>>> print(open('work10.cif').read())   # mmCIF, C-alpha atoms
data_structure
loop_
_atom_site.label_atom_id
_atom_site.label_comp_id
_atom_site.auth_asym_id
_atom_site.auth_seq_id
_atom_site.Cartn_x
_atom_site.Cartn_y
_atom_site.Cartn_z
CA MET M 255 27.86 3.18 -18.16
CA GLN M 256 26.50 -0.26 -19.00
CA ILE M 257 24.97 -2.44 -16.33
CA ASN M 258 24.28 -6.08 -16.93
CA TYR M 259 21.62 -7.42 -14.63
CA PRO M 260 21.85 -11.09 -13.69
CA ASN M 261 18.55 -11.76 -15.45
CA GLY M 262 19.78 -10.24 -18.66
CA THR M 263 17.89 -6.96 -18.56
CA THR M 264 19.79 -3.78 -19.29
CA HIS M 265 19.92 -0.46 -17.52
CA PHE M 266 17.32 2.19 -18.15
CA ASN M 267 18.23 4.81 -20.68
CA ASN M 268 16.07 6.84 -22.98
CA ASP M 269 18.73 7.17 -25.62
CA ALA M 270 17.18 4.66 -27.97
CA ASN M 271 19.95 4.62 -30.57
CA ARG M 272 22.67 3.97 -28.07
CA ASN M 273 20.69 1.13 -26.56
CA LYS M 274 19.84 -0.36 -29.91
CA LYS M 275 23.53 -0.59 -30.59
CA GLN M 276 24.21 -2.18 -27.22
CA ALA M 277 21.33 -4.59 -27.45
CA SER M 278 23.16 -6.92 -29.81
CA ARG M 279 25.89 -7.41 -27.24
CA LEU M 280 23.43 -8.41 -24.51
CA GLU M 281 21.07 -11.20 -23.68
CA PRO M 282 17.63 -10.07 -24.81
CA PRO M 283 15.65 -8.51 -21.95
CA LYS M 284 13.10 -11.01 -20.71
CA THR M 285 10.25 -8.61 -20.20
CA PHE M 286 11.06 -5.20 -21.53
CA GLY M 287 12.03 -3.59 -24.81
CA LYS M 288 15.37 -2.52 -26.14
CA ARG M 289 15.45 0.46 -23.86
CA GLY M 290 15.92 -1.87 -20.90
CA MET M 291 14.08 -1.55 -17.64
CA THR M 292 11.96 1.48 -16.90
CA PHE M 293 12.49 3.86 -14.03
CA GLU M 294 9.64 2.17 -12.17
CA GLU M 295 11.13 -1.28 -12.68
CA HIS M 296 14.45 -0.11 -11.32
CA ILE M 297 12.74 1.24 -8.24
CA ASN M 298 11.05 -2.13 -7.82
CA THR M 299 14.34 -4.04 -8.04
CA SER M 300 15.86 -1.53 -5.61
CA ASN M 301 12.98 -2.24 -3.22
CA ASP M 302 13.65 -5.98 -3.57
CA TYR M 303 17.27 -5.33 -2.67
CA TYR M 304 16.28 -3.27 0.38
CA ALA M 305 13.85 -5.96 1.54
CA GLN M 306 16.36 -8.80 1.13
CA ARG M 307 18.99 -6.90 3.11
CA LYS M 308 16.39 -5.89 5.72
CA ILE M 309 17.18 -2.23 5.06
CA ALA M 310 13.60 -1.13 4.35
CA ILE M 311 10.24 -2.68 3.43
CA ILE M 312 8.79 -0.68 0.56
CA HIS M 313 6.26 -1.96 -1.97
CA LYS M 314 4.59 -0.62 -5.05
CA LYS M 315 0.83 -0.76 -4.69
CA PRO M 316 -1.12 -2.75 -7.26
CA THR M 317 -3.04 -0.78 -9.88
CA PRO M 318 -6.62 -0.35 -8.68
CA ILE M 319 -9.03 -2.17 -10.96
CA GLN M 320 -12.81 -2.29 -11.01
CA ILE M 321 -13.82 -5.87 -11.70
CA VAL M 322 -17.14 -6.25 -13.49
CA LYS M 323 -17.25 -9.85 -14.69
CA VAL M 324 -15.42 -13.00 -13.67
CA ASP M 325 -15.66 -16.39 -15.36
CA TYR M 326 -14.81 -19.64 -13.62
CA PRO M 327 -13.86 -21.99 -16.45
CA HIS M 328 -11.98 -24.21 -13.99
CA ARG M 329 -12.36 -24.45 -10.28
CA SER M 330 -8.90 -23.08 -9.65
CA ALA M 331 -8.55 -20.43 -12.34
CA ALA M 332 -10.94 -17.51 -12.15
CA THR M 333 -10.67 -15.37 -15.28
CA ILE M 334 -11.59 -11.72 -15.17
CA THR M 335 -13.32 -10.98 -18.47
CA GLU M 336 -14.46 -7.41 -17.90
CA ALA M 337 -12.69 -4.85 -15.77
CA TYR M 338 -11.67 -1.21 -15.85
CA PHE M 339 -8.78 0.85 -14.59
CA ARG M 340 -9.70 3.00 -11.62
CA GLN M 341 -8.16 6.24 -10.46
CA ALA M 342 -5.80 5.59 -7.55
CA SER M 343 -6.46 7.57 -4.38
CA THR M 344 -2.95 7.38 -3.01
CA THR M 345 0.61 7.22 -4.35
CA ASP M 346 2.43 4.30 -5.93
CA TYR M 347 4.87 3.48 -3.13
CA ASN M 348 4.87 3.27 0.63
CA GLY M 349 6.47 1.34 3.43
CA VAL M 350 8.71 1.51 6.45
CA TYR M 351 12.39 2.32 6.97
CA GLN M 352 13.76 2.05 10.50
CA GLY M 353 10.49 3.15 12.06
CA TYR M 354 9.93 5.93 9.53
CA TYR M 355 6.87 5.79 7.32
CA LEU M 356 7.84 6.54 3.72
CA ASP M 357 5.39 7.54 1.01
CA PHE M 358 6.35 8.55 -2.50
CA GLU M 359 5.58 8.82 -6.15
CA ALA M 360 8.10 8.29 -8.96
CA LYS M 361 7.96 10.42 -12.10
CA GLU M 362 10.09 10.99 -15.15
CA THR M 363 10.58 13.57 -17.87
CA LYS M 364 12.57 13.90 -21.08
CA ASN M 365 13.02 17.61 -20.40
CA LYS M 366 16.50 18.86 -19.63
CA GLN M 367 15.80 22.18 -17.96
CA SER M 368 12.81 21.62 -15.71
CA PHE M 369 10.32 19.08 -14.39
CA PRO M 370 6.73 19.62 -15.62
CA LEU M 371 4.17 19.70 -12.81
CA ASN M 372 1.50 18.09 -14.98
CA ASN M 373 3.23 14.81 -14.16
CA PHE M 374 1.47 15.00 -10.79
CA HIS M 375 -2.18 14.67 -9.88
CA THR M 376 -4.04 16.55 -7.17
CA HIS M 377 -4.92 13.34 -5.29
CA GLN M 378 -1.22 12.44 -5.12
CA LEU M 379 -0.27 15.79 -3.63
CA GLU M 380 -3.16 15.61 -1.17
CA HIS M 381 -2.16 12.12 -0.08
CA LEU M 382 1.51 13.08 0.32
CA GLN M 383 0.44 16.12 2.35
CA ALA M 384 -1.81 14.00 4.60
CA CYS M 385 1.05 11.56 5.25
CA HIS M 386 3.42 14.45 5.93
CA GLU M 387 1.00 15.80 8.53
CA GLN M 388 1.07 12.36 10.18
CA HIS M 389 4.87 12.74 10.43
CA GLY M 390 5.56 10.37 7.62
CA ILE M 391 8.32 11.17 5.10
CA SER M 392 6.58 12.22 1.87
CA PHE M 393 8.62 12.78 -1.25
CA VAL M 394 8.92 12.26 -4.97
CA LEU M 395 11.65 10.61 -7.00
CA LEU M 396 12.30 12.57 -10.18
CA TRP M 397 14.04 11.04 -13.17
CA PHE M 398 15.45 13.23 -15.95
CA SER M 399 15.81 10.53 -18.58
CA SER M 400 17.74 12.65 -21.11
CA LEU M 401 20.21 13.70 -18.45
CA GLN M 402 20.24 10.33 -16.67
CA ARG M 403 19.90 12.16 -13.37
CA CYS M 404 17.70 11.22 -10.43
CA PHE M 405 16.55 13.39 -7.52
CA PHE M 406 14.79 13.00 -4.19
CA LEU M 407 12.52 16.00 -3.63
CA PRO M 408 10.68 16.28 -0.31
CA LEU M 409 6.98 17.12 -0.29
CA PRO M 410 7.33 20.56 1.34
CA ALA M 411 9.52 21.74 -1.55
CA LEU M 412 7.26 20.22 -4.18
CA ALA M 413 4.16 21.71 -2.54
CA LEU M 414 5.49 25.26 -2.97
CA TYR M 415 5.82 24.75 -6.72
CA TRP M 416 2.47 22.99 -6.87
CA GLN M 417 0.81 26.04 -5.35
CA ALA M 418 2.76 28.39 -7.62
CA GLN M 419 0.94 26.90 -10.61
CA LYS M 420 -1.78 29.44 -9.92
CA ASP M 421 0.75 32.08 -10.88
CA GLY M 422 1.39 30.35 -14.17
CA LYS M 423 4.51 28.39 -13.24
CA LYS M 424 4.05 24.99 -14.78
CA SER M 425 7.34 23.30 -13.99
CA ILE M 426 10.17 23.16 -11.45
CA PRO M 427 13.50 24.42 -12.82
CA LEU M 428 16.29 21.84 -12.64
CA LYS M 429 18.52 24.27 -10.78
CA ASP M 430 15.87 24.55 -8.03
CA ILE M 431 15.66 20.75 -7.80
CA GLU M 432 19.45 20.60 -7.53
CA GLN M 433 19.25 23.03 -4.65
CA LYS M 434 16.15 21.83 -2.77
CA GLY M 435 16.37 18.13 -3.57
CA ILE M 436 19.02 15.48 -3.02
CA GLU M 437 20.65 13.95 -6.08
CA ILE M 438 20.75 10.16 -6.11
CA THR M 439 23.86 8.72 -7.70
CA LEU M 440 22.81 5.65 -9.67
CA GLY M 441 24.40 2.42 -8.52
CA VAL M 442 24.40 -1.24 -9.33
CA HIS M 443 22.81 -2.84 -6.25
CA PRO M 444 20.52 -1.13 -5.67
CA ARG M 445 20.23 0.72 -8.95
CA ILE M 446 18.42 3.66 -7.34
CA PRO M 447 19.76 3.98 -3.79
CA TYR M 448 17.08 6.41 -2.70
CA ILE M 449 17.24 5.32 0.93
CA GLU M 450 20.59 7.16 1.09
CA ALA M 451 18.71 10.36 0.23
CA VAL M 452 16.07 9.55 2.85
CA LYS M 453 18.84 9.11 5.45
CA GLU M 454 20.38 12.43 4.48
CA TYR M 455 16.97 14.10 4.67
CA ILE M 456 16.38 12.69 8.17
CA THR M 457 19.87 13.74 9.30
CA LYS M 458 19.33 17.28 8.04
CA GLY M 459 16.21 17.52 10.16
CA MET M 460 13.55 16.88 7.53
CA LYS M 461 13.33 20.55 6.59
CA ASN M 462 12.87 22.24 3.19
CA MET N 234 -27.56 -3.02 18.83
CA GLN N 235 -28.77 -1.58 15.55
CA ILE N 236 -26.79 1.04 13.73
CA ASN N 237 -28.27 2.96 10.85
CA TYR N 238 -25.63 4.29 8.54
CA PRO N 239 -26.43 7.48 6.66
CA ASN N 240 -26.21 5.66 3.36
CA GLY N 241 -28.73 3.08 4.45
CA THR N 242 -26.37 0.17 5.08
CA THR N 243 -26.76 -1.75 8.29
CA HIS N 244 -24.23 -2.94 10.80
CA PHE N 245 -22.30 -6.11 10.19
CA ASN N 246 -23.75 -9.17 11.78
CA ASN N 247 -23.61 -12.76 10.75
CA ASP N 248 -26.99 -13.59 12.25
CA ALA N 249 -28.81 -13.78 8.95
CA ASN N 250 -32.30 -14.33 10.40
CA ARG N 251 -32.12 -11.39 12.69
CA ASN N 252 -31.00 -9.14 9.87
CA LYS N 253 -33.59 -10.44 7.50
CA LYS N 254 -36.21 -9.33 9.99
CA GLN N 255 -34.62 -5.94 10.41
CA ALA N 256 -34.08 -5.40 6.72
CA SER N 257 -37.73 -4.55 6.15
CA ARG N 258 -37.43 -1.63 8.56
CA LEU N 259 -34.41 -0.18 6.77
CA GLU N 260 -33.53 1.40 3.49
CA PRO N 261 -32.10 -1.34 1.30
CA PRO N 262 -28.30 -1.43 1.44
CA LYS N 263 -26.91 0.14 -1.70
CA THR N 264 -24.07 -2.24 -2.28
CA PHE N 265 -24.22 -5.16 0.07
CA GLY N 266 -26.59 -7.95 0.94
CA LYS N 267 -29.01 -8.35 3.77
CA ARG N 268 -26.24 -9.04 6.23
CA GLY N 269 -25.10 -5.44 5.93
CA MET N 270 -21.50 -4.37 5.52
CA THR N 271 -18.69 -6.84 5.92
CA PHE N 272 -15.90 -6.59 8.45
CA GLU N 273 -13.60 -5.32 5.71
CA GLU N 274 -16.04 -2.65 4.64
CA HIS N 275 -16.37 -1.45 8.20
CA ILE N 276 -12.60 -1.16 8.45
CA ASN N 277 -12.62 0.86 5.24
CA THR N 278 -15.26 3.29 6.53
CA SER N 279 -13.29 3.55 9.77
CA ASN N 280 -10.21 4.43 7.73
CA ASP N 281 -12.21 7.10 5.90
CA TYR N 282 -13.22 8.52 9.26
CA TYR N 283 -9.62 8.55 10.48
CA ALA N 284 -8.43 10.25 7.28
CA GLN N 285 -11.15 12.93 7.38
CA ARG N 286 -10.33 13.76 11.00
CA LYS N 287 -6.60 13.66 10.27
CA ILE N 288 -6.15 10.98 12.91
CA ALA N 289 -4.37 8.46 10.68
CA ILE N 290 -3.85 7.74 6.98
CA ILE N 291 -4.53 4.06 6.40
CA HIS N 292 -5.56 2.50 3.09
CA LYS N 293 -6.51 -0.93 1.89
CA LYS N 294 -4.29 -2.00 -0.97
CA PRO N 295 -5.92 -2.88 -4.28
CA THR N 296 -6.15 -6.56 -5.17
CA PRO N 297 -3.16 -7.46 -7.34
CA ILE N 298 -4.26 -8.45 -10.82
CA GLN N 299 -2.31 -9.79 -13.77
CA ILE N 300 -3.61 -8.04 -16.86
CA VAL N 301 -3.31 -10.08 -20.06
CA LYS N 302 -5.49 -8.29 -22.60
CA VAL N 303 -6.86 -4.78 -22.86
CA ASP N 304 -9.25 -3.48 -25.51
CA TYR N 305 -9.55 0.18 -26.39
CA PRO N 306 -13.08 0.51 -27.80
CA HIS N 307 -13.03 4.24 -27.11
CA ARG N 308 -10.11 6.50 -26.61
CA SER N 309 -10.96 7.17 -22.99
CA ALA N 310 -12.25 3.81 -21.79
CA ALA N 311 -9.76 0.98 -21.83
CA THR N 312 -11.51 -2.31 -21.12
CA ILE N 313 -9.59 -5.18 -19.57
CA THR N 314 -10.89 -8.34 -21.24
CA GLU N 315 -8.53 -10.93 -19.80
CA ALA N 316 -6.92 -10.80 -16.40
CA TYR N 317 -6.19 -13.05 -13.44
CA PHE N 318 -6.03 -12.68 -9.70
CA ARG N 319 -2.50 -12.73 -8.38
CA GLN N 320 -1.24 -13.73 -4.96
CA ALA N 321 -0.55 -10.66 -2.85
CA SER N 322 2.95 -10.39 -1.39
CA THR N 323 2.02 -8.13 1.49
CA THR N 324 -0.94 -7.50 3.77
CA ASP N 325 -4.20 -5.72 3.01
CA TYR N 326 -3.68 -2.56 5.04
CA ASN N 327 -0.91 -0.13 5.83
CA GLY N 328 -0.35 3.51 6.54
CA VAL N 329 0.81 6.04 9.08
CA TYR N 330 -0.46 7.15 12.49
CA GLN N 331 1.40 9.98 14.19
CA GLY N 332 4.72 8.93 12.75
CA TYR N 333 4.14 5.23 13.41
CA TYR N 334 4.03 2.87 10.46
CA LEU N 335 1.05 0.52 10.80
CA ASP N 336 0.68 -2.72 8.88
CA PHE N 337 -2.12 -5.20 9.38
CA GLU N 338 -4.38 -7.88 8.07
CA ALA N 339 -8.06 -8.27 9.00
CA LYS N 340 -9.57 -11.71 9.43
CA GLU N 341 -12.84 -13.17 10.67
CA THR N 342 -14.21 -16.44 11.94
CA LYS N 343 -17.59 -17.87 12.86
CA ASN N 344 -15.94 -19.93 15.61
CA LYS N 345 -16.77 -19.06 19.19
CA GLN N 346 -13.90 -20.63 21.07
CA SER N 347 -10.78 -19.99 19.02
CA PHE N 348 -9.38 -18.34 15.90
CA PRO N 349 -8.20 -20.79 13.20
CA LEU N 350 -4.67 -20.11 11.99
CA ASN N 351 -5.49 -21.26 8.46
CA ASN N 352 -6.99 -17.81 8.00
CA PHE N 353 -3.44 -16.57 7.59
CA HIS N 354 -0.90 -17.15 4.85
CA THR N 355 2.85 -17.51 5.21
CA HIS N 356 3.57 -14.44 3.07
CA GLN N 357 1.38 -12.34 5.36
CA LEU N 358 3.24 -13.46 8.47
CA GLU N 359 6.58 -12.90 6.77
CA HIS N 360 5.60 -9.42 5.67
CA LEU N 361 4.29 -8.49 9.13
CA GLN N 362 7.53 -9.81 10.65
CA ALA N 363 9.66 -7.78 8.20
CA CYS N 364 7.71 -4.60 9.05
CA HIS N 365 8.03 -5.36 12.76
CA GLU N 366 11.81 -5.63 12.36
CA GLN N 367 11.74 -2.19 10.73
CA HIS N 368 10.04 -0.90 13.91
CA GLY N 369 6.65 -0.67 12.32
CA ILE N 370 3.57 -1.74 14.29
CA SER N 371 2.43 -5.06 12.84
CA PHE N 372 -0.82 -6.61 13.97
CA VAL N 373 -4.00 -8.37 12.99
CA LEU N 374 -7.62 -7.41 13.58
CA LEU N 375 -9.65 -10.48 14.48
CA TRP N 376 -13.43 -10.55 14.17
CA PHE N 377 -15.48 -13.23 15.88
CA SER N 378 -18.67 -12.80 13.90
CA SER N 379 -20.83 -15.11 16.03
CA LEU N 380 -19.75 -13.33 19.19
CA GLN N 381 -19.65 -9.86 17.59
CA ARG N 382 -16.30 -9.29 19.25
CA CYS N 383 -13.23 -7.66 17.72
CA PHE N 384 -9.60 -7.86 18.84
CA PHE N 385 -6.27 -6.22 18.08
CA LEU N 386 -3.53 -8.86 18.30
CA PRO N 387 0.09 -7.72 17.86
CA LEU N 388 2.39 -9.68 15.58
CA PRO N 389 4.70 -11.00 18.31
CA ALA N 390 1.78 -12.76 20.01
CA LEU N 391 0.43 -14.11 16.72
CA ALA N 392 3.88 -15.32 15.68
CA LEU N 393 4.16 -17.59 18.71
CA TYR N 394 0.95 -19.39 17.77
CA TRP N 395 1.96 -19.47 14.12
CA GLN N 396 5.14 -21.31 15.05
CA ALA N 397 3.26 -23.64 17.42
CA GLN N 398 1.39 -25.03 14.41
CA LYS N 399 4.31 -27.43 14.02
CA ASP N 400 3.21 -28.94 17.32
CA GLY N 401 -0.29 -29.46 15.98
CA LYS N 402 -1.95 -26.36 17.40
CA LYS N 403 -4.15 -25.07 14.61
CA SER N 404 -5.92 -22.18 16.31
CA ILE N 405 -5.57 -19.49 18.98
CA PRO N 406 -7.91 -19.97 21.95
CA LEU N 407 -10.22 -17.01 22.53
CA LYS N 408 -9.10 -16.79 26.15
CA ASP N 409 -5.50 -16.28 24.97
CA ILE N 410 -6.61 -13.56 22.56
CA GLU N 411 -8.51 -11.88 25.42
CA GLN N 412 -5.29 -11.93 27.43
CA LYS N 413 -2.66 -11.09 24.79
CA GLY N 414 -4.75 -8.88 22.54
CA ILE N 415 -6.73 -5.71 23.08
CA GLU N 416 -10.50 -5.87 22.66
CA ILE N 417 -11.97 -3.18 20.43
CA THR N 418 -15.37 -1.96 21.54
CA LEU N 419 -17.43 -1.38 18.41
CA GLY N 420 -18.60 2.18 17.96
CA VAL N 421 -20.60 4.29 15.53
CA HIS N 422 -17.99 6.65 14.09
CA PRO N 423 -15.67 4.97 13.53
CA ARG N 424 -17.34 1.58 13.65
CA ILE N 425 -14.06 -0.20 14.44
CA PRO N 426 -11.96 2.22 16.50
CA TYR N 427 -8.80 0.16 16.20
CA ILE N 428 -6.53 3.19 16.53
CA GLU N 429 -7.53 3.22 20.22
CA ALA N 430 -5.99 -0.23 20.53
CA VAL N 431 -2.88 0.93 18.67
CA LYS N 432 -2.56 3.84 21.12
CA GLU N 433 -2.90 1.47 24.08
CA TYR N 434 -0.30 -0.85 22.55
CA ILE N 435 2.15 2.04 22.09
CA THR N 436 1.54 3.29 25.63
CA LYS N 437 2.16 -0.15 27.06
CA GLY N 438 5.53 -0.20 25.33
CA MET N 439 4.72 -2.34 22.29
CA LYS N 440 5.49 -5.57 24.11
CA ASN N 441 3.78 -8.97 23.99
#
>>> encode(input="work10.cif", output="structure tokens")
Amino acid sequence: MQINYPNGTTHFNNDANRNKKQASRLEPPKTFGKRGMTFEEHINTSNDYYAQRKIAIIHKKPTPIQIVKVDYPHRSAATITEAYFRQASTTDYNGVYQGYYLDFEAKETKNKQSFPLNNFHTHQLEHLQACHEQHGISFVLLWFSSLQRCFFLPLPALALYWQAQKDGKKSIPLKDIEQKGIEITLGVHPRIPYIEAVKEYITKGMKN
Amino acid sequence: MQINYPNGTTHFNNDANRNKKQASRLEPPKTFGKRGMTFEEHINTSNDYYAQRKIAIIHKKPTPIQIVKVDYPHRSAATITEAYFRQASTTDYNGVYQGYYLDFEAKETKNKQSFPLNNFHTHQLEHLQACHEQHGISFVLLWFSSLQRCFFLPLPALALYWQAQKDGKKSIPLKDIEQKGIEITLGVHPRIPYIEAVKEYITKGMKN
């Protein structure tokens, strides 16, 4: 399945050879490499779509940065000349959908059988849990790049596997994700229609 | 009213002389100048309080920065050596309180009679409006530093004044804010108990 975005970027796909072959038939991507847009970038364009259609207002948070030194070569253009990446204390995405607070993290793997838990950090799980306790909808979007399959997995399901790490289980089997998550069928606009999964989750009574 | 914070910072107050006098009786603030913590910092410590007590999960978003150049002098310490401040597309604060999505911006003025509208930017109003349409609770926290008075003003009230700028009205009179907003009585823990105003707003039926 080949998607041509209006701005000339291609769909995300980790099969490098296949994309290399396709690249010659396409406008060169403006920002990203031959593999096309990343999972994160597709979520961002999906969020743009949702905002434009007034379906949901979801934003990716900026990367937290510790600024140490700023130069002011011109009055209007402050240049940061020394800064460091900081550890985030929350997740990457949050916002509002029809009165529901949504909070999520997006992760990907090349694995085909399971999703490794070391993709997640303790502070992310803690933040998702805190939002869940405030009756927000906390979840993760999981992308199996080799399989080109995407899943919505609610926090309560993820949390069980997170805790099971103590018993030596380091990943979530795909078959469990198929059962406890909601598969998101990739589309064109939006590319990752995850709000459909959120709707289904709400309709089912936000269990799991 | 003098508040001693455990970490030695003083309360926020724009009366520089008064604080200069008091400073000698206090531990020196660890991070901030003689005027003590800023309005924003007090909101942040209030958010910490709310999170610790599981009352609400509200975070300030990081400042968006365009990174141009990163050096890797050591494997573990990437140093950003060229970066620029970007315009934010949302507001500074959002999060969840008991299932309600909250979105707000915090602003201050030294004025005593009115709050100047040029404190706000179009993208902030647009974002607050979009969240309001998604049934989130959109508002602003207004700090009159000379009066040491703080108000919660819901988006619908603010929006009327924002639109009235076309007619030459460049600020919101304090007496209107007293009437259409909810005054927040400053406390100790949290310093700015704005969730009380949110509760009152919800109870009243989120009108205005």
>>> atom_distance(input="work10.cif", atom1="atom CA of Lys343 of chain N", atom2="atom CA of Asn280 of chain N")
24.0 Å
>>> closest_atom_pairs(input="work10.cif", of="chain N", to="chain M", cutoff="10 Å", atoms="all atoms listed in the file", output="Markdown table")
| residue | atom | partner | partner_atom | distance |
| --- | --- | --- | --- | --- |
| N:Ala284 | CA | M:Ala384 | CA | 8.1 |
| N:Gln285 | CA | M:Ala384 | CA | 9.8 |
| N:Lys287 | CA | M:Ala384 | CA | 7.4 |
| N:Ile288 | CA | M:Gln388 | CA | 7.8 |
| N:Ala289 | CA | M:Gln388 | CA | 6.7 |
| N:Ile290 | CA | M:Cys385 | CA | 6.4 |
| N:Ile291 | CA | M:Cys385 | CA | 9.4 |
| N:His292 | CA | M:Thr344 | CA | 8.2 |
| N:Lys293 | CA | M:Lys315 | CA | 9.9 |
| N:Lys294 | CA | M:Lys315 | CA | 6.4 |
| N:Pro295 | CA | M:Pro318 | CA | 5.1 |
| N:Thr296 | CA | M:Pro316 | CA | 6.6 |
| N:Pro297 | CA | M:Pro316 | CA | 5.1 |
| N:Ile298 | CA | M:Pro316 | CA | 7.4 |
| N:Gln299 | CA | M:Ile334 | CA | 9.6 |
| N:Ile300 | CA | M:Ile334 | CA | 8.9 |
| N:Val301 | CA | M:Ile334 | CA | 9.8 |
| N:Lys302 | CA | M:Thr335 | CA | 9.3 |
| N:Val303 | CA | M:Ala337 | CA | 9.2 |
| N:Ala310 | CA | M:Tyr338 | CA | 7.8 |
| N:Ala311 | CA | M:Tyr338 | CA | 6.6 |
| N:Thr312 | CA | M:Tyr338 | CA | 5.4 |
| N:Ile313 | CA | M:Ala337 | CA | 4.9 |
| N:Thr314 | CA | M:Thr335 | CA | 4.5 |
| N:Glu315 | CA | M:Thr335 | CA | 5.0 |
| N:Ala316 | CA | M:Ile334 | CA | 4.9 |
| N:Tyr317 | CA | M:Thr333 | CA | 5.4 |
| N:Phe318 | CA | M:Ala332 | CA | 7.3 |
| N:Ala321 | CA | M:Pro316 | CA | 9.1 |
| N:Ser322 | CA | M:His313 | CA | 9.1 |
| N:Thr323 | CA | M:His313 | CA | 8.2 |
| N:Asn327 | CA | M:Gly349 | CA | 7.9 |
| N:Gly328 | CA | M:Tyr355 | CA | 7.6 |
| N:Val329 | CA | M:Tyr355 | CA | 6.3 |
| N:Tyr330 | CA | M:Gln388 | CA | 5.9 |
| N:Gln331 | CA | M:Gln388 | CA | 4.7 |
| N:Gly332 | CA | M:His389 | CA | 4.5 |
| N:Tyr333 | CA | M:Tyr355 | CA | 6.7 |
| N:Tyr334 | CA | M:Tyr355 | CA | 5.1 |
| N:Leu335 | CA | M:Tyr355 | CA | 8.6 |
| N:Asp336 | CA | M:Gly349 | CA | 8.9 |
| N:His360 | CA | M:Ile311 | CA | 8.5 |
| N:Ala363 | CA | M:Ile311 | CA | 7.0 |
| N:Cys364 | CA | M:Ile311 | CA | 6.5 |
| N:His365 | CA | M:Gly353 | CA | 8.9 |
| N:Glu366 | CA | M:Lys308 | CA | 8.1 |
| N:Gln367 | CA | M:Gln352 | CA | 4.7 |
| N:His368 | CA | M:Gly353 | CA | 4.5 |
| N:Gly369 | CA | M:Gly353 | CA | 5.4 |
| N:Ile370 | CA | M:Gly353 | CA | 8.8 |
>>> write_last_selection(input="work10.cif", atoms="C-alpha atoms", output="compact mmCIF listing (two decimals), in the coordinates of the input")
# COMPACT_ATOMS: atom_id res chain seq x y z
CA ALA N 284 -8.43 10.25 7.28
CA GLN N 285 -11.15 12.93 7.38
CA LYS N 287 -6.60 13.66 10.27
CA ILE N 288 -6.15 10.98 12.91
CA ALA N 289 -4.37 8.46 10.68
CA ILE N 290 -3.85 7.74 6.98
CA ILE N 291 -4.53 4.06 6.40
CA HIS N 292 -5.56 2.50 3.09
CA LYS N 293 -6.51 -0.93 1.89
CA LYS N 294 -4.29 -2.00 -0.97
CA PRO N 295 -5.92 -2.88 -4.28
CA THR N 296 -6.15 -6.56 -5.17
CA PRO N 297 -3.16 -7.46 -7.34
CA ILE N 298 -4.26 -8.45 -10.82
CA GLN N 299 -2.31 -9.79 -13.77
CA ILE N 300 -3.61 -8.04 -16.86
CA VAL N 301 -3.31 -10.08 -20.06
CA LYS N 302 -5.49 -8.29 -22.60
CA VAL N 303 -6.86 -4.78 -22.86
CA ALA N 310 -12.25 3.81 -21.79
CA ALA N 311 -9.76 0.98 -21.83
CA THR N 312 -11.51 -2.31 -21.12
CA ILE N 313 -9.59 -5.18 -19.57
CA THR N 314 -10.89 -8.34 -21.24
CA GLU N 315 -8.53 -10.93 -19.80
CA ALA N 316 -6.92 -10.80 -16.40
CA TYR N 317 -6.19 -13.05 -13.44
CA PHE N 318 -6.03 -12.68 -9.70
CA ALA N 321 -0.55 -10.66 -2.85
CA SER N 322 2.95 -10.39 -1.39
CA THR N 323 2.02 -8.13 1.49
CA ASN N 327 -0.91 -0.13 5.83
CA GLY N 328 -0.35 3.51 6.54
CA VAL N 329 0.81 6.04 9.08
CA TYR N 330 -0.46 7.15 12.49
CA GLN N 331 1.40 9.98 14.19
CA GLY N 332 4.72 8.93 12.75
CA TYR N 333 4.14 5.23 13.41
CA TYR N 334 4.03 2.87 10.46
CA LEU N 335 1.05 0.52 10.80
CA ASP N 336 0.68 -2.72 8.88
CA HIS N 360 5.60 -9.42 5.67
CA ALA N 363 9.66 -7.78 8.20
CA CYS N 364 7.71 -4.60 9.05
CA HIS N 365 8.03 -5.36 12.76
CA GLU N 366 11.81 -5.63 12.36
CA GLN N 367 11.74 -2.19 10.73
CA HIS N 368 10.04 -0.90 13.91
CA GLY N 369 6.65 -0.67 12.32
CA ILE N 370 3.57 -1.74 14.29
>>> atom_distance(input="work10.cif", atom1="atom CA of Lys361 of chain M", atom2="atom CA of Asp421 of chain M")
22.9 Å
>>> atom_distance(input="work10.cif", atom1="atom CA of Val394 of chain M", atom2="atom CA of Val442 of chain M")
21.0 Å
>>> residues_around(input="work10.cif", residues="His354 of chain N", least_positions_apart="3", cutoff="12 Å", atoms="only C-alpha atoms", output="ChimeraX atom specification")
/N:320-324,338,340,349-351,357-361,392,395
>>> closest_residue(input="work10.cif", among="M:Gln417, M:Val452, M:Ser425, M:Gln402", to="Thr376 of chain M", atoms="all atoms listed in the file")
M:Gln417
>>> residues_near_point(input="work10.cif", point="(10.5, 8.5, -6.7)", cutoff="10 Å", atoms="all atoms listed in the file", output="list in words")
Phe293, Glu294, Ile297, Asp346, Tyr347, Asp357, Phe358, Glu359, Ala360, Lys361, Glu362, Phe393, Val394, Leu395, Leu396, Trp397, Cys404, Phe405, Phe406, Leu407, Ile446 and Tyr448 of chain M
>>> residues_near_point(input="work10.cif", point="(-17.1, -24.1, 13.3)", cutoff="12 Å", atoms="only C-alpha atoms", output="number ranges by chain")
N: 342-349, 377-379, 404
>>> residues_around(input="work10.cif", residues="His275 of chain N", least_positions_apart="4", cutoff="10 Å", atoms="all atoms listed in the file", output="NGL selection string")
:N and (244-245 or 269-271 or 279-281 or 423-425)
